[in-house]
Structure formats: structure tokens, C-alpha cells
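Undergrad: File follows, final-v2.txt with compact mmCIF, N, CA and C atoms:
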```
# COMPACT_ATOMS: atom_id res chain seq x y z
N MET A 24 -4.44 -24.58 23.13
CA MET A 24 -4.70 -24.50 21.69
C MET A 24 -4.03 -25.67 21.00
N THR A 25 -4.68 -26.12 19.97
CA THR A 25 -4.13 -27.25 19.22
C THR A 25 -3.05 -26.74 18.27
N PRO A 26 -2.17 -27.62 17.84
CA PRO A 26 -1.13 -27.19 16.89
C PRO A 26 -1.69 -26.64 15.58
N ILE A 27 -2.82 -27.16 15.14
CA ILE A 27 -3.43 -26.66 13.91
C ILE A 27 -3.92 -25.22 14.11
N ALA A 28 -4.52 -24.95 15.27
CA ALA A 28 -5.00 -23.59 15.55
C ALA A 28 -3.83 -22.62 15.65
N ILE A 29 -2.74 -23.03 16.26
CA ILE A 29 -1.55 -22.17 16.37
C ILE A 29 -0.98 -21.89 14.99
N THR A 30 -0.92 -22.92 14.15
CA THR A 30 -0.40 -22.75 12.79
C THR A 30 -1.27 -21.77 12.00
N MET A 31 -2.58 -21.93 12.08
CA MET A 31 -3.48 -21.02 11.36
C MET A 31 -3.38 -19.60 11.90
N MET A 32 -3.20 -19.44 13.21
CA MET A 32 -3.04 -18.12 13.79
C MET A 32 -1.76 -17.46 13.29
N ILE A 33 -0.68 -18.22 13.22
CA ILE A 33 0.59 -17.68 12.72
C ILE A 33 0.47 -17.27 11.26
N ILE A 34 -0.21 -18.10 10.45
CA ILE A 34 -0.41 -17.76 9.04
C ILE A 34 -1.23 -16.49 8.91
N ALA A 35 -2.28 -16.35 9.71
CA ALA A 35 -3.12 -15.15 9.65
C ALA A 35 -2.35 -13.90 10.07
N ILE A 36 -1.56 -14.02 11.13
CA ILE A 36 -0.77 -12.88 11.60
C ILE A 36 0.25 -12.47 10.55
N LEU A 37 0.93 -13.44 9.96
CA LEU A 37 1.92 -13.13 8.94
C LEU A 37 1.28 -12.51 7.70
N THR A 38 0.08 -12.96 7.37
CA THR A 38 -0.62 -12.39 6.21
C THR A 38 -0.97 -10.93 6.45
N VAL A 39 -1.53 -10.63 7.60
CA VAL A 39 -1.94 -9.25 7.89
C VAL A 39 -0.72 -8.34 8.03
N TRP A 40 0.23 -8.71 8.87
CA TRP A 40 1.39 -7.84 9.10
C TRP A 40 2.32 -7.81 7.89
N GLY A 41 2.41 -8.91 7.17
CA GLY A 41 3.21 -8.93 5.95
C GLY A 41 2.62 -8.03 4.89
N GLY A 42 1.29 -8.05 4.76
CA GLY A 42 0.63 -7.17 3.81
C GLY A 42 0.82 -5.71 4.17
N LEU A 43 0.75 -5.42 5.46
CA LEU A 43 0.98 -4.05 5.91
C LEU A 43 2.41 -3.61 5.60
N ALA A 44 3.36 -4.47 5.87
CA ALA A 44 4.77 -4.14 5.59
C ALA A 44 5.00 -3.92 4.10
N LEU A 45 4.43 -4.79 3.26
CA LEU A 45 4.60 -4.63 1.82
C LEU A 45 3.92 -3.35 1.32
N ALA A 46 2.78 -3.01 1.89
CA ALA A 46 2.10 -1.78 1.49
C ALA A 46 2.92 -0.56 1.87
N LEU A 47 3.52 -0.57 3.05
CA LEU A 47 4.36 0.56 3.47
C LEU A 47 5.61 0.68 2.60
N ILE A 48 6.21 -0.44 2.26
CA ILE A 48 7.40 -0.42 1.39
C ILE A 48 7.02 0.13 0.01
N ASN A 49 5.89 -0.34 -0.52
CA ASN A 49 5.45 0.14 -1.83
C ASN A 49 5.13 1.62 -1.80
N LEU A 50 4.48 2.08 -0.73
CA LEU A 50 4.15 3.49 -0.63
C LEU A 50 5.39 4.37 -0.46
N SER A 51 6.40 3.86 0.22
CA SER A 51 7.62 4.65 0.38
C SER A 51 8.41 4.73 -0.93
N ARG A 52 8.32 3.70 -1.75
CA ARG A 52 9.02 3.72 -3.04
C ARG A 52 8.28 4.55 -4.08
N HIS A 53 6.96 4.52 -4.02
CA HIS A 53 6.13 5.24 -4.99
C HIS A 53 5.10 6.08 -4.24
N PRO A 54 5.50 7.24 -3.73
CA PRO A 54 4.55 8.06 -2.95
C PRO A 54 3.43 8.59 -3.84
N GLU A 55 2.29 8.79 -3.22
CA GLU A 55 1.14 9.31 -3.96
C GLU A 55 1.32 10.80 -4.22
N GLU A 56 0.80 11.23 -5.36
CA GLU A 56 0.85 12.64 -5.71
C GLU A 56 -0.22 13.38 -4.91
N PRO A 57 0.09 14.58 -4.42
CA PRO A 57 -0.96 15.34 -3.72
C PRO A 57 -2.08 15.72 -4.68
N GLU A 58 -3.32 15.63 -4.21
CA GLU A 58 -4.46 15.88 -5.08
C GLU A 58 -4.80 17.35 -5.22
N ASP A 59 -4.23 18.23 -4.38
CA ASP A 59 -4.57 19.64 -4.46
C ASP A 59 -3.88 20.33 -5.63
N GLU A 60 -2.85 19.71 -6.20
CA GLU A 60 -2.18 20.30 -7.34
C GLU A 60 -2.78 19.72 -8.62
N LEU A 61 -3.42 20.57 -9.41
CA LEU A 61 -4.03 20.12 -10.64
C LEU A 61 -3.00 20.21 -11.77
N PRO A 62 -3.02 19.28 -12.69
CA PRO A 62 -2.07 19.35 -13.80
C PRO A 62 -2.41 20.53 -14.72
N GLU A 63 -1.38 21.10 -15.32
CA GLU A 63 -1.59 22.23 -16.20
C GLU A 63 -2.17 21.72 -17.52
N VAL A 64 -3.17 22.42 -18.02
CA VAL A 64 -3.82 22.06 -19.28
C VAL A 64 -3.29 22.97 -20.36
N VAL A 65 -2.75 22.39 -21.42
CA VAL A 65 -2.22 23.16 -22.55
C VAL A 65 -3.30 23.20 -23.61
N THR A 66 -3.69 24.41 -23.99
CA THR A 66 -4.71 24.58 -25.04
C THR A 66 -4.05 25.16 -26.27
N GLN A 67 -4.61 24.80 -27.41
CA GLN A 67 -4.11 25.35 -28.66
C GLN A 67 -5.15 26.28 -29.23
N ASP A 68 -4.71 27.48 -29.62
CA ASP A 68 -5.63 28.44 -30.22
C ASP A 68 -5.82 28.10 -31.69
N ALA A 69 -7.07 28.09 -32.13
CA ALA A 69 -7.36 27.72 -33.52
C ALA A 69 -7.30 28.92 -34.42
```
Once more with this new file: its structure as C-alpha cells, please.

TA:
Amino acid sequence: MTPIAITMMIIAILTVWGGLALALINLSRHPEEPEDELPEVVTQDA
């Protein structure tokens, strides 16, 4: 492999795995709310 091909391969690998790592860090800091729990609706009687 040429040095340019190796460089591009390293950039591609870092992009994919770096994005995965950042997504996991973001998800661990801000977990998604479960969708089965509906928010309570407050109604006012007229």
C-alpha cells in the first residue's frame, strides 16, 4: 500500500471509531427517556 492509501485508511478508521466513541460518551451523559412512559397531561376545568 502506498503511504497516501495508509494515511486515508487511518483517517477513515479514526473518523468511524471516533464518531462511535463520541456517540457513546454523549449517550452516557444524556440517556434517552423511555418512550413507554407518557407525560402527564394537566387539564383545567372551565

Undergrad: When DSSP works through the backbone of this structure, what residues of chain A end up as helix (DSSP H, G or I), shown as JSON, numbers by chain?

TA: {"A": [26, 27, 28, 29, 30, 31, 32, 33, 34, 35, 36, 37, 38, 39, 40, 41, 42, 43, 44, 45, 46, 47, 48, 49, 50, 51, 52]}

Undergrad: Since we have the selection now, will you write its residues out, keeping N, CA and C atoms, as a tab-separated table (two decimals), in the coordinates of the input?

TA:
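Okay, out.tsv is ready:
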```tsv
chain	number	residue	atom	x	y	z
A	26	PRO	N	-2.17	-27.62	17.84
A	26	PRO	CA	-1.13	-27.19	16.89
A	26	PRO	C	-1.69	-26.64	15.58
A	27	ILE	N	-2.82	-27.16	15.14
A	27	ILE	CA	-3.43	-26.66	13.91
A	27	ILE	C	-3.92	-25.22	14.11
A	28	ALA	N	-4.52	-24.95	15.27
A	28	ALA	CA	-5.00	-23.59	15.55
A	28	ALA	C	-3.83	-22.62	15.65
A	29	ILE	N	-2.74	-23.03	16.26
A	29	ILE	CA	-1.55	-22.17	16.37
A	29	ILE	C	-0.98	-21.89	14.99
A	30	THR	N	-0.92	-22.92	14.15
A	30	THR	CA	-0.40	-22.75	12.79
A	30	THR	C	-1.27	-21.77	12.00
A	31	MET	N	-2.58	-21.93	12.08
A	31	MET	CA	-3.48	-21.02	11.36
A	31	MET	C	-3.38	-19.60	11.90
A	32	MET	N	-3.20	-19.44	13.21
A	32	MET	CA	-3.04	-18.12	13.79
A	32	MET	C	-1.76	-17.46	13.29
A	33	ILE	N	-0.68	-18.22	13.22
A	33	ILE	CA	0.59	-17.68	12.72
A	33	ILE	C	0.47	-17.27	11.26
A	34	ILE	N	-0.21	-18.10	10.45
A	34	ILE	CA	-0.41	-17.76	9.04
A	34	ILE	C	-1.23	-16.49	8.91
A	35	ALA	N	-2.28	-16.35	9.71
A	35	ALA	CA	-3.12	-15.15	9.65
A	35	ALA	C	-2.35	-13.90	10.07
A	36	ILE	N	-1.56	-14.02	11.13
A	36	ILE	CA	-0.77	-12.88	11.60
A	36	ILE	C	0.25	-12.47	10.55
A	37	LEU	N	0.93	-13.44	9.96
A	37	LEU	CA	1.92	-13.13	8.94
A	37	LEU	C	1.28	-12.51	7.70
A	38	THR	N	0.08	-12.96	7.37
A	38	THR	CA	-0.62	-12.39	6.21
A	38	THR	C	-0.97	-10.93	6.45
A	39	VAL	N	-1.53	-10.63	7.60
A	39	VAL	CA	-1.94	-9.25	7.89
A	39	VAL	C	-0.72	-8.34	8.03
A	40	TRP	N	0.23	-8.71	8.87
A	40	TRP	CA	1.39	-7.84	9.10
A	40	TRP	C	2.32	-7.81	7.89
A	41	GLY	N	2.41	-8.91	7.17
A	41	GLY	CA	3.21	-8.93	5.95
A	41	GLY	C	2.62	-8.03	4.89
A	42	GLY	N	1.29	-8.05	4.76
A	42	GLY	CA	0.63	-7.17	3.81
A	42	GLY	C	0.82	-5.71	4.17
A	43	LEU	N	0.75	-5.42	5.46
A	43	LEU	CA	0.98	-4.05	5.91
A	43	LEU	C	2.41	-3.61	5.60
A	44	ALA	N	3.36	-4.47	5.87
A	44	ALA	CA	4.77	-4.14	5.59
A	44	ALA	C	5.00	-3.92	4.10
A	45	LEU	N	4.43	-4.79	3.26
A	45	LEU	CA	4.60	-4.63	1.82
A	45	LEU	C	3.92	-3.35	1.32
A	46	ALA	N	2.78	-3.01	1.89
A	46	ALA	CA	2.10	-1.78	1.49
A	46	ALA	C	2.92	-0.56	1.87
A	47	LEU	N	3.52	-0.57	3.05
A	47	LEU	CA	4.36	0.56	3.47
A	47	LEU	C	5.61	0.68	2.60
A	48	ILE	N	6.21	-0.44	2.26
A	48	ILE	CA	7.40	-0.42	1.39
A	48	ILE	C	7.02	0.13	0.01
A	49	ASN	N	5.89	-0.34	-0.52
A	49	ASN	CA	5.45	0.14	-1.83
A	49	ASN	C	5.13	1.62	-1.80
A	50	LEU	N	4.48	2.08	-0.73
A	50	LEU	CA	4.15	3.49	-0.63
A	50	LEU	C	5.39	4.37	-0.46
A	51	SER	N	6.40	3.86	0.22
A	51	SER	CA	7.62	4.65	0.38
A	51	SER	C	8.41	4.73	-0.93
A	52	ARG	N	8.32	3.70	-1.75
A	52	ARG	CA	9.02	3.72	-3.04
A	52	ARG	C	8.28	4.55	-4.08
```

Undergrad: Calculate how many Å separate atom CA of A:Ile48 from atom CA of A:Thr30, rounding to one decimal.

TA: 26.3 Å

Undergrad: Could you tell me how far atom N of A:Ile36 sits from atom C of A:Met24, in Å to one decimal place?

TA: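 Going from atom C of A:Met24 over to atom N of A:Ile36 covers 15.5 Å.
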
Undergrad: How many Å separate atom CA of A:Val39 from atom N of A:Ser51?

TA: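 Here the two named atoms are 17.3 Å from each other.
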